[in-house]
Structure formats: structure tokens, C-alpha cells
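> First, the structure itself, so that you have it in front of you.
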Amino acid sequence: MEGLMRDLKWSHSEKTIARRAFDLALSREFDEIFREVKRRAAMLEDRSHLWDLEDYLTKSRKEIDGKFDFRYSVLIEVFASLIWSGRLTEADLSGLGEDKLSAIRHVTSAFASLSSR
């Protein structure tokens with residue numbers, strides 16, 4: 001299946017849909033981080049707590065860099081992961097071909113079975 005996913009052909013309209021969904025998920029991720037930074041900043045009591053905020057931002061950046069990869073060769077896995085984490089829904093991917101949606105569903109269900117162990 002992995003080789004098949006890497007060999008999928010993306011039409012121009014699918015590339016547009018994929019980019020829009022990817023950007024939507026990334027925006028949702030940043031919105032959550034922004035809310036958390038504001039919450040933490042409001043609770044700062046002394047200067048030493050600034051470094052805790054820096055640690056949170058550094059960790060968040062590393063997580064984003066690991067989660068968000070817009071290469072077509074890995075986009076199926078990325079979308080499955082984003083659906084699994086709640087950053088995307090299948091409706092956000094409406095318009096993709098059934099071959100891609102089916103592959104995304106397959107990988108998402110693999111995540112589900114791995115997490116239930």
C-alpha cells in the first residue's frame with residue numbers, strides 16, 4: 001500500500017483541494033498554540049516563567065515540523081494523521097479522488113487500531 005500511495009497522481013484540482021485542507025489544518029494548529037500562549041502569558045508571575053513559555057513554543061514548533069509535510073509522496077499519511085488528531089475532517093478533503101480518500105481512510109483506521117493496543 002505504501003508504494004501505491006507514493007505513486008498516486010494528483011490532478012490540478014486535487015492539488016488545490018489538498019493545499020487548502022493542509023493550510024486549514026495548519027491554521028487550526030496555530031490557533032490552538034496561540035490560545036495556549038495567551039493563556040500561559042496571562043499567568044506569568046515572574047521572569048523565570050518566560051523560559052517555560054519558550055520551551056512550550058519550541059516543543060510546539062518541533063511538533064508542527066514533524067506533523068506538517070506537504071510533499072505529495074507523504075500527503076496521504078499526513079492527512080490521515082491530521083484526521084486522527086482532529087485537525088481535519090474527511091469533509092475538509094471533499095473533492096479529492098476516491099483513490100486518495102480510500103487510502104486516507106485505510107491509514108486512519110491503521111492509526112485507530114494501533115492506538116487501541
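We name chains A, B, ... following the order of the C-alpha cells; residues begin at 1 in each chain, and ligands are numbered from 1 as shown.
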Going by DSSP on the backbone, which residues of chain A come out as helix (DSSP H, G or I)? List them as JSON, numbers by chain.
{"A": [2, 3, 4, 5, 6, 12, 13, 14, 15, 16, 17, 18, 19, 20, 21, 22, 23, 24, 25, 26, 27, 28, 29, 30, 31, 32, 33, 34, 35, 36, 37, 38, 39, 40, 41, 42, 47, 48, 49, 50, 51, 52, 53, 54, 55, 56, 57, 58, 59, 60, 61, 62, 63, 64, 65, 66, 67, 75, 76, 77, 78, 79, 80, 81, 82, 83, 84, 90, 91, 92, 93, 98, 99, 100, 101, 102, 103, 104, 105, 106, 107, 108, 109, 110, 111, 112, 113, 114, 115]}
> For region 104-113 of chain A, find every residue with an atom within 10 Å (counting only C-alpha atoms), except residues of its own chain fewer than 3 positions away, and show them as a list of chain:residue names.
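Listed by chain and then number, they are A:Met1, A:Glu2, A:Met5, A:Leu75, A:Ile76, A:Glu77, A:Val78, A:Phe79, A:Ala80, A:Ser81, A:Leu82, A:Ile83, A:Trp84, A:Ser85, A:Glu90, A:Leu93, A:Glu98, A:Asp99, A:Lys100, A:Leu101, A:Ser116, A:Arg117.
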> Near Leu53 (chain A), within 8 Å and counting only C-alpha atoms, which residues show up once chain neighbours fewer than 3 positions away are dropped, as a list in words?
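So, after excluding close chain neighbours, the residues are Val37, Arg40, Ala41, His49, Leu50, Tyr56 and Leu57 of chain A.
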> Which residues come within 9 Å of region 16-25 of chain A, counting only C-alpha atoms, excluding same-chain residues fewer than 4 positions away, as a list in words?
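Near region 16-25 of chain A, the qualifying residues are Ser11, His12, Glu29, Phe30, Phe68, Asp69, Phe70, Leu75, Val78, Phe79, Leu82, Gly86, Arg87, Leu88, Asp92, Leu93, Ser94, Gly95 and Leu96 of chain A.
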> Could you save the residues just selected, with C-alpha atoms, as a tab-separated table (two decimals), in the first residue's frame?

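Contents of the output file selection.tsv:
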chain	number	residue	atom	x	y	z
A	11	SER	CA	-4.83	16.41	-10.57
A	12	HIS	CA	-4.60	20.19	-10.54
A	29	GLU	CA	-2.89	24.09	14.89
A	30	PHE	CA	-1.54	27.64	15.12
A	68	PHE	CA	3.02	19.03	8.57
A	69	ASP	CA	4.78	17.95	5.38
A	70	PHE	CA	3.28	18.99	2.05
A	75	LEU	CA	0.38	13.62	1.95
A	78	VAL	CA	-0.21	13.46	6.72
A	79	PHE	CA	-3.95	13.82	6.05
A	82	LEU	CA	-4.49	15.19	10.79
A	86	GLY	CA	-8.88	16.16	14.90
A	87	ARG	CA	-7.22	18.88	12.83
A	88	LEU	CA	-9.12	17.82	9.68
A	92	ASP	CA	-12.37	19.11	4.59
A	93	LEU	CA	-10.96	16.84	1.86
A	94	SER	CA	-14.12	16.80	-0.22
A	95	GLY	CA	-13.27	16.77	-3.89
A	96	LEU	CA	-10.26	14.50	-3.68
> Pick out the closest residue to Glu36 (chain A) from this set: A:Ser13, A:Ser60, A:Ser73, A:Ser48. Count only C-alpha atoms.
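Under the stated criterion, the closest residue is A:Ser60.
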> Record the distance separating CA of Gly97 (chain A) and CA of Glu14 (chain A), expressed in Å with one decimal.
7.4 Å
> Any idea what the distance is between CA of Lys9 (chain A) and CA of Leu26 (chain A)?
23.4 Å
> In Å, how far is it from CA of Ser27 (chain A) to CA of Asp7 (chain A)?
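Those two atoms sit 27.9 Å apart.
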